[in-house]
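**Q** Let me begin by handing over the structure; questions about it come next.
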Amino acid sequence: MRRYDASEIEPRWVAAWEAEGRFHASEDPADERPRFYALDMFPYPSGDLHMGHAEAFSGGDAVARFKAMQGHNVLHPIGWDAFGLPAENAAIKRGVPPAEWTYANIEQQAASFKRMGMSFDWPRRLNTCDPSYYRWTQWLFTRFFERGLAYRKRSPVNWCPNDATVLANEQVQQGLCERCGAVVERRDLTQWFFRITDYAQRLLDDEPELVDWPERVLTMQRHWIGRSQGAEVRFTIKETGEEIPVFTTRPDTLWGVTFFVFSVEHPAVRRLAELGGTWDDVSPLVEKARATSLNSREAADAKEGVFLGVHAVNPVNGEEIPCYAAPYVLMEYGTGAIMAVPAHDERDFAFARAHGVPVRVVIQPGDAASLDGGALHEAFIGEGVMVNSGTFDGQETPASIGAVIAWLEDQGSGTGTVNFRLRDWLISRQRYWGPPIPIIHCPVCGEVAVPDADLPVELPTDVDFKPGGDSPLARHPTWKHVACPTCGGEATRDTDTMDTFVDSSWYYLRYCSPGYLDGPFDPAAVASWMPVDQYTGGVEHAILHLLYSRFFTKVLYDMGMVTFREPFPRLMNQGQVIFGGASMSKSKGNIVEPMPIVQRWGADSMRLMMLFAGPFEDDIDWKLVGGDVDRRPGVHAWLGRVYAAVGEAAERGDLAEPDGLARLTHRTVKGVTEDLERFRFNTAISKLQILSNEMRTVLDAGAGARSAARALTLMLAPFAPFIAEELWHADLGEPGSVADGPWPGFDPAMALEDSVTLIVQVDGRVRDRIEVPTGIGDADALALAKASENAQRAVGDREVAREIVRAPKLVNFVTRQ
RNA sequence: GCCGGGAUGGCGGAAUUGGCAGACGCGCGGGUCUCAAAAACCCGUGAGCUAGCGCUCGUGAGGGUUCGAUCCCCUCUCCCGGCACCA
């Protein structure tokens with residue numbers, strides 16, 4: 001008997017597909033097939049492909065191939081997110097220029113993808129570090145700049161001392177650098193930002209257009225945007241007369257304000273403390289805060305804080321209350337100062353207790369008893385009735401909040417407002433491996449965008465790219481010196497580069513027309529492909545890449561460059577590939593790589609292992625499902641059986657096929673089609689295994705199975721494209737590529753089981769099983785059930801009180817107890 | 001602390017609308033073939049009781065609804081992920 005040998009089959013088809021130029025999306029206007037844009041998050045070239053890529057792309061490719069077989073004109077592009085810190089750091093470690101290292105990895109990954117049989121539209125490949133790409137990243141920056149969406153400001157920012165660069169808030173995880181894990185520091189620096197906060201509300205409003213996003217990603221984004229409705233209330237500093245606004249979600253507690261707190265970084269703190277004669281006490285707190293990261297792991301002690309020696313006047317009642325500076329108030333949220341209501345806020349309560357500030361109850365809980373005679377043991381933060389609040393007494397939350405806001409606005413001491421947690425996106429980096437920010441600083445004209453005709457501003461190659469205190473570009477002797485585009489005078493280039501997430505915020509648009517020279521993308525091509533029909537990628541981008549891309553798309557929409565507001569209506573997150581319950585890492589020594597598996601058992605087996613291991617969105621623990629690379633995977637053995645069975649079925653030609661097999665084939669087509677639509681690869685493969693098992697039985701009985709074999713081969717193609725192509729040609733003798741389909745259809749009547757098992761229960765317990773025709777009626781089913789000896793014995797001499805009949809599935813006799 | 005998702009055999013996991021729990025696969029046990037082994041193929045495989053027909057128990061724990069619950073409701077435990085002084 002012939003033997004399945006992936007190492008003989010697969011390289012042949014890699015070469016054949018390459019030679020005939022398969023998998024190109026058609027731009028022919030006469031091509032009337034519906035278009036389908038299947039996009040996988042593009043990889044980062046920091047080495048060869050890892051297990052995460054293998055998992056994600058096995059799934060993404062199955063979808064792309066499935067859609068193509070169904071008759072869609074599929075765009076399934078590939079490219080590389082090639083700029084950025086990891087590649088740069090790896091290059092530095094190896095002592096080679098980042099470009100050299102990056103391009104070498106790209107070629108390796110491209111070769112691996114080809115060996116895996118990914119159905120990419122190769123001529124469209126792009127990479128973000130290519131000047132022909134980042135020219136347009138820079139062009140987009142200048143458009144943002146013109147619209148006031150890119151701006152420079154000095155502010156406290158996240159600084160990674162190890163990578164020697166600033167980081168976006170989104171890149172700080174629990175106070176640590178997302179990339180290297182170093183403790184992030186806080187520095188006051190002048191940096192470039194994108195005004196994503198202008199789009200905060202729209203990022204929420206357009207959520208209904210994200211028709212198929214994982215719920216957890218939506219909640220993460222919602223939480224990150226962090227919308228709070230409330231009021232801005234203006235307090236006056238008694239000693240200076242200046243107004244200091246605060247944000248509160250509970251203006252109904254204004255009558256319970258007993259002190260006022262500034263963030264230690266608030267610009268007024270030093271001045272007020274000096275005025276109040278307390279600066280010597282306050283300054284150590286300020287110094288301490290400066291050294292702590294913005295997203296510090298340790299929340300500041302809510303009790304820590306110092307009296308400033310000045311007072312604030314409560315606008316609702318004119319009361320004078322003490323002002324403090326305390327680290328528990330964040331400069332980054334709200335206005336950097338708060339009105340403190342200890343009776344109704346946990347942190348304010350703890351602070352008040354520690355500093356001997358009075359606690360005044362102004363919200364009475366529904367059950368007044370829980371106030372314990374007015375002596376609070378903890379803050380009451382729930383809803384209730386206003387008390388001790390002048391004319392507002394008796395009003396109930398939440399209606400009271402609106403009433404107070406209306407009154408504040410009438411009084412001119414406050415306004416209803418919305419506050420967001422989202423901060424502007426810090427995009428400048430003091431590193432070499434990114435697109436230079438296309439701005440020229442002119443002593444006369446200020447910040448001037450590099451004219452379109454001068455783009456791209458190319459990265460110099462003769463530069464010491466190692467990270468240092470400033471940008472490597474600043475250290476180049478000549479690069480930054482240019483004439484001002486506006487006045488012609490001496491000026492200097494901005495020497496920072498852009499965050500790599502800027503590059504990846506628009507790559508999906510570039511894929512639609514990768515060689516386009518008149519803009520970042522051809523509007524007609526984008527109109528015909530976008531939005532992406534199915535986006536696949538890791539959940540680690542739940543906030544970063546996905547939020548930024550949504551923001552970019554909305555800006556482009558406002559610019560009239562695209563006609564849609566959301567780029568990715570459908571998103572699927574594949575699970576992580578882990579090992580022994582933990583992520584794979586060099587330090588743990590538990591790294592498994594896909595290519596050795598491909599070499600040993602073939603790409604088809606590797607892909608099937610990934611997709612059969614469990615639901616696509618669940619994590620895969622390779623320790624549990626992968627085993628030793630030298631041990632033959634179960635799916636490989638299965639492919640061997642398929643190879644044999646399809647071969648035998650083909651040899652028997654048109655020998656009659658049992659009706660049962662034909663029915664199973666139709667049922668399998670129905671099930672696999674539905675499973676593929678829902679990313680249920682594991683159950684789809686299981687159904688194919690059931691079909692191939694049945695084929696084996698039929699063949700062993702001497703019957704034919706050719707049409708089952710043909711359908712099986714077609715349905716196998718999205719998962720195991722090589723063996724499917726081989727069987728299609730060599731065994732079934734079909735013309736063309738199996739990848740062109742067409743995807744098999746099914747007859748709904750044939751997809752029904754011809755008989756089902758009728759369950760006979762007595763008091764809910766299964767007592768008999770009877771094979772009955774699918775179309776059996778209730779009366780016949782009941783008659784059969786009554787005739788069951790097993791059921792009769794179980795009923796015994798008890799009386800049947802009720803008969804539940806659900807033909808054709810079940811009859812339940814309920815006896816009188 | 002808050003938000004989201006989970007918990008099913010030795011393992012990965014199946015199970016339309018509430019209707020045979022454990023599909024499919026791995027592993028394991030037995031067998032065929034072989035001088036032997038590997039491979040391949042066949043049979044078995046939730047637990048307990050039983051000579052057998054069969055019976056009982058069983059989807060994290062406890063309760064509820066129902067003729068019937070892995071599925072719906074309530075309470076709880078544990079696990080994973082995210083956020084974490086957000087005023």
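Chain lettering (A, B, ...) mirrors the order of the structure tokens, residue numbering begins at 1 for each chain separately, and ligand numbering begins at 1 in order of display.
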Write out as a list in words which residues come within 7 Å of range 340-350 of chain A when counting only C-alpha atoms (C1' of nucleotides), dropping same-chain ones fewer than 6 positions away.
**A**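 Once the nearby chain positions are removed, what remains is Thr253, Gly256, Val257, Thr258, Phe259, Phe260, Val261, Ala302, Lys303, Val359, Arg360, Val361, Ala379, Phe380 and Ile381 of chain A.
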**Q** Which residues of chain B are close to chain A, meaning at most 10 Å apart when you count only C-alpha atoms (C1' of nucleotides), and how do they look as a count of residues only?
**A** 22
**Q** For C41 in chain B, work out the shell of residues within 12 Å, counting only C-alpha atoms (C1' of nucleotides) and skipping chain neighbours fewer than 4 positions away, then give it as a ChimeraX atom specification.
**A** /A:641,696,700 /B:31-33
**Q** Output all heavy atoms of each residue in that selection to a file, as a PDB file, in the first residue's frame.
**A**
ATOM      1  N   ARG A 641      -4.582   7.963   6.744  1.00  0.00           N
ATOM      2  CA  ARG A 641      -5.777   7.149   6.483  1.00  0.00           C
ATOM      3  C   ARG A 641      -6.630   7.790   5.381  1.00  0.00           C
ATOM      4  O   ARG A 641      -7.201   7.103   4.545  1.00  0.00           O
ATOM      5  CB  ARG A 641      -6.598   6.979   7.771  1.00  0.00           C
ATOM      6  CG  ARG A 641      -5.902   6.118   8.819  1.00  0.00           C
ATOM      7  CD  ARG A 641      -6.846   5.683   9.938  1.00  0.00           C
ATOM      8  NE  ARG A 641      -7.230   6.777  10.831  1.00  0.00           N
ATOM      9  CZ  ARG A 641      -6.527   7.165  11.895  1.00  0.00           C
ATOM     10  NH1 ARG A 641      -5.415   6.539  12.218  1.00  0.00           N
ATOM     11  NH2 ARG A 641      -6.944   8.150  12.646  1.00  0.00           N
ATOM     12  N   ARG A 696     -13.966   4.468   5.285  1.00  0.00           N
ATOM     13  CA  ARG A 696     -13.141   3.279   5.518  1.00  0.00           C
ATOM     14  C   ARG A 696     -14.030   2.045   5.651  1.00  0.00           C
ATOM     15  O   ARG A 696     -13.777   1.009   5.041  1.00  0.00           O
ATOM     16  CB  ARG A 696     -12.307   3.496   6.792  1.00  0.00           C
ATOM     17  CG  ARG A 696     -11.400   2.381   7.203  1.00  0.00           C
ATOM     18  CD  ARG A 696     -10.173   2.336   6.319  1.00  0.00           C
ATOM     19  NE  ARG A 696     -10.359   1.417   5.200  1.00  0.00           N
ATOM     20  CZ  ARG A 696      -9.680   1.479   4.061  1.00  0.00           C
ATOM     21  NH1 ARG A 696      -8.790   2.440   3.857  1.00  0.00           N
ATOM     22  NH2 ARG A 696      -9.897   0.610   3.107  1.00  0.00           N
ATOM     23  N   ASP A 700     -14.110  -1.066   3.117  1.00  0.00           N
ATOM     24  CA  ASP A 700     -13.816  -2.415   3.614  1.00  0.00           C
ATOM     25  C   ASP A 700     -14.937  -3.379   3.264  1.00  0.00           C
ATOM     26  O   ASP A 700     -14.710  -4.577   3.130  1.00  0.00           O
ATOM     27  CB  ASP A 700     -13.600  -2.400   5.132  1.00  0.00           C
ATOM     28  CG  ASP A 700     -12.264  -1.766   5.498  1.00  0.00           C
ATOM     29  OD1 ASP A 700     -11.429  -1.603   4.587  1.00  0.00           O
ATOM     30  OD2 ASP A 700     -12.068  -1.424   6.681  1.00  0.00           O
TER      31      ASP A 700
ATOM     32  P     G B  31      -2.783  -9.635  24.475  1.00  0.00           P
ATOM     33  OP1   G B  31      -2.471 -11.020  24.896  1.00  0.00           O
ATOM     34  OP2   G B  31      -1.711  -8.625  24.420  1.00  0.00           O
ATOM     35  O5'   G B  31      -3.488  -9.673  23.054  1.00  0.00           O
ATOM     36  C5'   G B  31      -4.451 -10.676  22.764  1.00  0.00           C
ATOM     37  C4'   G B  31      -5.176 -10.382  21.487  1.00  0.00           C
ATOM     38  O4'   G B  31      -5.547  -8.975  21.444  1.00  0.00           O
ATOM     39  C3'   G B  31      -4.387 -10.571  20.198  1.00  0.00           C
ATOM     40  O3'   G B  31      -4.302 -11.922  19.821  1.00  0.00           O
ATOM     41  C2'   G B  31      -5.208  -9.738  19.220  1.00  0.00           C
ATOM     42  O2'   G B  31      -6.393 -10.419  18.829  1.00  0.00           O
ATOM     43  C1'   G B  31      -5.608  -8.544  20.091  1.00  0.00           C
ATOM     44  N9    G B  31      -4.687  -7.402  19.896  1.00  0.00           N
ATOM     45  C8    G B  31      -3.776  -6.890  20.794  1.00  0.00           C
ATOM     46  N7    G B  31      -3.115  -5.872  20.312  1.00  0.00           N
ATOM     47  C5    G B  31      -3.607  -5.719  19.017  1.00  0.00           C
ATOM     48  C6    G B  31      -3.271  -4.771  18.005  1.00  0.00           C
ATOM     49  O6    G B  31      -2.435  -3.859  18.053  1.00  0.00           O
ATOM     50  N1    G B  31      -4.010  -4.975  16.853  1.00  0.00           N
ATOM     51  C2    G B  31      -4.954  -5.949  16.687  1.00  0.00           C
ATOM     52  N2    G B  31      -5.563  -5.995  15.494  1.00  0.00           N
ATOM     53  N3    G B  31      -5.284  -6.833  17.626  1.00  0.00           N
ATOM     54  C4    G B  31      -4.578  -6.646  18.752  1.00  0.00           C
ATOM     55  P     U B  32      -3.035 -12.451  18.983  1.00  0.00           P
ATOM     56  OP1   U B  32      -3.134 -13.922  18.900  1.00  0.00           O
ATOM     57  OP2   U B  32      -1.812 -11.805  19.511  1.00  0.00           O
ATOM     58  O5'   U B  32      -3.322 -11.845  17.542  1.00  0.00           O
ATOM     59  C5'   U B  32      -4.430 -12.296  16.770  1.00  0.00           C
ATOM     60  C4'   U B  32      -4.469 -11.600  15.444  1.00  0.00           C
ATOM     61  O4'   U B  32      -4.644 -10.164  15.651  1.00  0.00           O
ATOM     62  C3'   U B  32      -3.189 -11.680  14.628  1.00  0.00           C
ATOM     63  O3'   U B  32      -3.115 -12.903  13.893  1.00  0.00           O
ATOM     64  C2'   U B  32      -3.301 -10.466  13.719  1.00  0.00           C
ATOM     65  O2'   U B  32      -4.174 -10.708  12.632  1.00  0.00           O
ATOM     66  C1'   U B  32      -3.952  -9.439  14.648  1.00  0.00           C
ATOM     67  N1    U B  32      -2.971  -8.545  15.311  1.00  0.00           N
ATOM     68  C2    U B  32      -2.467  -7.493  14.568  1.00  0.00           C
ATOM     69  O2    U B  32      -2.777  -7.291  13.408  1.00  0.00           O
ATOM     70  N3    U B  32      -1.572  -6.693  15.227  1.00  0.00           N
ATOM     71  C4    U B  32      -1.148  -6.830  16.541  1.00  0.00           C
ATOM     72  O4    U B  32      -0.343  -6.017  17.000  1.00  0.00           O
ATOM     73  C5    U B  32      -1.720  -7.935  17.244  1.00  0.00           C
ATOM     74  C6    U B  32      -2.585  -8.734  16.618  1.00  0.00           C
ATOM     75  P     C B  33      -1.704 -13.629  13.793  1.00  0.00           P
ATOM     76  OP1   C B  33      -1.952 -14.866  13.006  1.00  0.00           O
ATOM     77  OP2   C B  33      -1.072 -13.699  15.130  1.00  0.00           O
ATOM     78  O5'   C B  33      -0.845 -12.641  12.888  1.00  0.00           O
ATOM     79  C5'   C B  33      -1.198 -12.405  11.520  1.00  0.00           C
ATOM     80  C4'   C B  33      -0.355 -11.290  10.955  1.00  0.00           C
ATOM     81  O4'   C B  33      -0.617 -10.061  11.684  1.00  0.00           O
ATOM     82  C3'   C B  33       1.150 -11.483  11.106  1.00  0.00           C
ATOM     83  O3'   C B  33       1.672 -12.305  10.079  1.00  0.00           O
ATOM     84  C2'   C B  33       1.657 -10.047  11.038  1.00  0.00           C
ATOM     85  O2'   C B  33       1.720  -9.589   9.696  1.00  0.00           O
ATOM     86  C1'   C B  33       0.558  -9.288  11.770  1.00  0.00           C
ATOM     87  N1    C B  33       0.876  -9.074  13.200  1.00  0.00           N
ATOM     88  C2    C B  33       1.695  -7.987  13.545  1.00  0.00           C
ATOM     89  O2    C B  33       2.137  -7.256  12.646  1.00  0.00           O
ATOM     90  N3    C B  33       1.999  -7.771  14.848  1.00  0.00           N
ATOM     91  C4    C B  33       1.515  -8.586  15.790  1.00  0.00           C
ATOM     92  N4    C B  33       1.840  -8.344  17.053  1.00  0.00           N
ATOM     93  C5    C B  33       0.683  -9.698  15.466  1.00  0.00           C
ATOM     94  C6    C B  33       0.394  -9.901  14.170  1.00  0.00           C
TER      95        C B  33
END
**Q** Just list the residues in range 384-423 of chain A DSSP gives strand (DSSP E or B) on the backbone, as a PyMOL selection string.
**A** chain A and resi 384-386+396+414-420
**Q** Could you pull out the helix (DSSP H, G or I) residues of range 349-475 of chain A from DSSP and send them as a PyMOL selection string?
**A** chain A and resi 349-355+368-371+390-392+399-411+452-454+472-475
**Q** With C-alpha atoms retained, write the just-selected residues as a CSV table (one decimal), in the first residue's frame.
**A**
chain,number,residue,atom,x,y,z
A,349,PHE,CA,-12.9,59.1,54.1
A,350,ALA,CA,-9.5,57.4,54.8
A,351,PHE,CA,-7.7,60.7,54.3
A,352,ALA,CA,-10.1,62.6,56.5
A,353,ARG,CA,-9.8,60.1,59.3
A,354,ALA,CA,-6.0,60.3,59.2
A,355,HIS,CA,-5.9,64.1,59.1
A,368,ALA,CA,-31.5,55.2,57.3
A,369,ALA,CA,-30.6,52.7,60.0
A,370,SER,CA,-27.4,51.8,58.2
A,371,LEU,CA,-26.0,55.2,59.1
A,390,GLY,CA,-30.1,73.4,51.9
A,391,THR,CA,-33.0,73.6,49.5
A,392,PHE,CA,-31.9,70.3,47.9
A,399,ALA,CA,-32.4,62.7,39.6
A,400,SER,CA,-30.7,65.0,42.2
A,401,ILE,CA,-27.5,65.0,40.2
A,402,GLY,CA,-29.2,66.6,37.2
A,403,ALA,CA,-31.0,69.1,39.5
A,404,VAL,CA,-27.7,70.2,41.1
A,405,ILE,CA,-26.0,70.6,37.8
A,406,ALA,CA,-28.8,72.7,36.5
A,407,TRP,CA,-28.6,74.9,39.6
A,408,LEU,CA,-24.8,75.1,39.3
A,409,GLU,CA,-25.0,76.3,35.8
A,410,ASP,CA,-27.6,78.8,36.8
A,411,GLN,CA,-25.4,80.1,39.5
A,452,ASP,CA,4.8,66.5,0.5
A,453,ALA,CA,7.3,66.8,-2.3
A,454,ASP,CA,10.1,66.3,0.1
A,472,PRO,CA,20.1,58.8,17.7
A,473,LEU,CA,19.1,61.1,14.8
A,474,ALA,CA,20.1,64.1,16.9
A,475,ARG,CA,23.6,62.8,17.2
**Q** Just checking: using only C-alpha atoms, which residue out of A:Pro451, A:Gly589, A:Gly660, A:Pro365 ends up closest to Leu752 in chain A?
**A**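 Of A:Pro451, A:Gly589, A:Gly660, A:Pro365, the one nearest Leu752 in chain A, counting only C-alpha atoms, is A:Gly660.
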**Q** Find the residues around G48 in chain B up to 12 Å (only C-alpha atoms (C1' of nucleotides) counted), leave out those fewer than 5 positions away in its own chain, and share them as a PyMOL selection string.
**A** chain B and resi 55-58
**Q** For the residues in the current selection, export all heavy atoms as a PDB file, in the first residue's frame.
**A**
ATOM      1  P     C B  55     -31.803  -0.685  33.490  1.00  0.00           P
ATOM      2  OP1   C B  55     -33.200  -0.208  33.393  1.00  0.00           O
ATOM      3  OP2   C B  55     -30.774  -0.133  32.583  1.00  0.00           O
ATOM      4  O5'   C B  55     -31.298  -0.509  34.990  1.00  0.00           O
ATOM      5  C5'   C B  55     -32.076  -1.010  36.063  1.00  0.00           C
ATOM      6  C4'   C B  55     -31.296  -0.920  37.349  1.00  0.00           C
ATOM      7  O4'   C B  55     -30.093  -1.738  37.258  1.00  0.00           O
ATOM      8  C3'   C B  55     -30.747   0.465  37.686  1.00  0.00           C
ATOM      9  O3'   C B  55     -31.735   1.294  38.266  1.00  0.00           O
ATOM     10  C2'   C B  55     -29.606   0.128  38.644  1.00  0.00           C
ATOM     11  O2'   C B  55     -30.110  -0.195  39.934  1.00  0.00           O
ATOM     12  C1'   C B  55     -29.045  -1.139  38.010  1.00  0.00           C
ATOM     13  N1    C B  55     -27.910  -0.859  37.099  1.00  0.00           N
ATOM     14  C2    C B  55     -26.644  -0.602  37.667  1.00  0.00           C
ATOM     15  O2    C B  55     -26.536  -0.616  38.902  1.00  0.00           O
ATOM     16  N3    C B  55     -25.597  -0.351  36.857  1.00  0.00           N
ATOM     17  C4    C B  55     -25.754  -0.352  35.530  1.00  0.00           C
ATOM     18  N4    C B  55     -24.692  -0.105  34.782  1.00  0.00           N
ATOM     19  C5    C B  55     -27.026  -0.599  34.922  1.00  0.00           C
ATOM     20  C6    C B  55     -28.070  -0.847  35.738  1.00  0.00           C
ATOM     21  P     U B  56     -31.676   2.864  38.039  1.00  0.00           P
ATOM     22  OP1   U B  56     -32.916   3.441  38.585  1.00  0.00           O
ATOM     23  OP2   U B  56     -31.287   3.144  36.632  1.00  0.00           O
ATOM     24  O5'   U B  56     -30.459   3.275  38.974  1.00  0.00           O
ATOM     25  C5'   U B  56     -30.579   3.161  40.390  1.00  0.00           C
ATOM     26  C4'   U B  56     -29.257   3.463  41.050  1.00  0.00           C
ATOM     27  O4'   U B  56     -28.247   2.527  40.587  1.00  0.00           O
ATOM     28  C3'   U B  56     -28.650   4.824  40.734  1.00  0.00           C
ATOM     29  O3'   U B  56     -29.239   5.863  41.498  1.00  0.00           O
ATOM     30  C2'   U B  56     -27.186   4.591  41.084  1.00  0.00           C
ATOM     31  O2'   U B  56     -26.994   4.610  42.487  1.00  0.00           O
ATOM     32  C1'   U B  56     -26.974   3.165  40.577  1.00  0.00           C
ATOM     33  N1    U B  56     -26.430   3.132  39.203  1.00  0.00           N
ATOM     34  C2    U B  56     -25.076   3.361  39.051  1.00  0.00           C
ATOM     35  O2    U B  56     -24.343   3.589  39.994  1.00  0.00           O
ATOM     36  N3    U B  56     -24.614   3.314  37.763  1.00  0.00           N
ATOM     37  C4    U B  56     -25.354   3.063  36.626  1.00  0.00           C
ATOM     38  O4    U B  56     -24.795   3.045  35.530  1.00  0.00           O
ATOM     39  C5    U B  56     -26.755   2.845  36.861  1.00  0.00           C
ATOM     40  C6    U B  56     -27.231   2.882  38.107  1.00  0.00           C
ATOM     41  P     C B  57     -29.301   7.310  40.866  1.00  0.00           P
ATOM     42  OP1   C B  57     -30.071   8.140  41.812  1.00  0.00           O
ATOM     43  OP2   C B  57     -29.708   7.224  39.444  1.00  0.00           O
ATOM     44  O5'   C B  57     -27.774   7.777  40.908  1.00  0.00           O
ATOM     45  C5'   C B  57     -27.131   7.987  42.151  1.00  0.00           C
ATOM     46  C4'   C B  57     -25.643   8.191  41.968  1.00  0.00           C
ATOM     47  O4'   C B  57     -25.075   7.038  41.277  1.00  0.00           O
ATOM     48  C3'   C B  57     -25.249   9.359  41.077  1.00  0.00           C
ATOM     49  O3'   C B  57     -25.319  10.599  41.754  1.00  0.00           O
ATOM     50  C2'   C B  57     -23.814   8.974  40.714  1.00  0.00           C
ATOM     51  O2'   C B  57     -22.938   9.203  41.797  1.00  0.00           O
ATOM     52  C1'   C B  57     -23.957   7.463  40.508  1.00  0.00           C
ATOM     53  N1    C B  57     -24.182   7.133  39.073  1.00  0.00           N
ATOM     54  C2    C B  57     -23.077   7.145  38.222  1.00  0.00           C
ATOM     55  O2    C B  57     -21.963   7.423  38.681  1.00  0.00           O
ATOM     56  N3    C B  57     -23.253   6.849  36.911  1.00  0.00           N
ATOM     57  C4    C B  57     -24.469   6.561  36.455  1.00  0.00           C
ATOM     58  N4    C B  57     -24.579   6.282  35.159  1.00  0.00           N
ATOM     59  C5    C B  57     -25.613   6.550  37.299  1.00  0.00           C
ATOM     60  C6    C B  57     -25.423   6.838  38.598  1.00  0.00           C
ATOM     61  P     G B  58     -25.674  11.919  40.929  1.00  0.00           P
ATOM     62  OP1   G B  58     -25.659  13.041  41.866  1.00  0.00           O
ATOM     63  OP2   G B  58     -26.872  11.640  40.098  1.00  0.00           O
ATOM     64  O5'   G B  58     -24.425  12.058  39.945  1.00  0.00           O
ATOM     65  C5'   G B  58     -23.141  12.383  40.463  1.00  0.00           C
ATOM     66  C4'   G B  58     -22.120  12.344  39.365  1.00  0.00           C
ATOM     67  O4'   G B  58     -22.114  11.043  38.735  1.00  0.00           O
ATOM     68  C3'   G B  58     -22.403  13.304  38.212  1.00  0.00           C
ATOM     69  O3'   G B  58     -21.939  14.606  38.514  1.00  0.00           O
ATOM     70  C2'   G B  58     -21.612  12.661  37.075  1.00  0.00           C
ATOM     71  O2'   G B  58     -20.237  12.967  37.169  1.00  0.00           O
ATOM     72  C1'   G B  58     -21.806  11.165  37.365  1.00  0.00           C
ATOM     73  N9    G B  58     -22.893  10.581  36.575  1.00  0.00           N
ATOM     74  C8    G B  58     -24.192  10.366  36.962  1.00  0.00           C
ATOM     75  N7    G B  58     -24.916   9.836  36.022  1.00  0.00           N
ATOM     76  C5    G B  58     -24.056   9.692  34.947  1.00  0.00           C
ATOM     77  C6    G B  58     -24.277   9.171  33.644  1.00  0.00           C
ATOM     78  O6    G B  58     -25.306   8.716  33.168  1.00  0.00           O
ATOM     79  N1    G B  58     -23.109   9.220  32.874  1.00  0.00           N
ATOM     80  C2    G B  58     -21.906   9.701  33.310  1.00  0.00           C
ATOM     81  N2    G B  58     -20.910   9.669  32.434  1.00  0.00           N
ATOM     82  N3    G B  58     -21.687  10.185  34.524  1.00  0.00           N
ATOM     83  C4    G B  58     -22.793  10.150  35.273  1.00  0.00           C
TER      84        G B  58
END
**Q** Contacts of range 476-486 of chain A at 12 Å or less, counting only C-alpha atoms (C1' of nucleotides), minus same-chain residues fewer than 3 places along, as a VMD selection string?
**A** chain A and resid 432 436 to 454 457 to 466 470 to 473 489 to 496
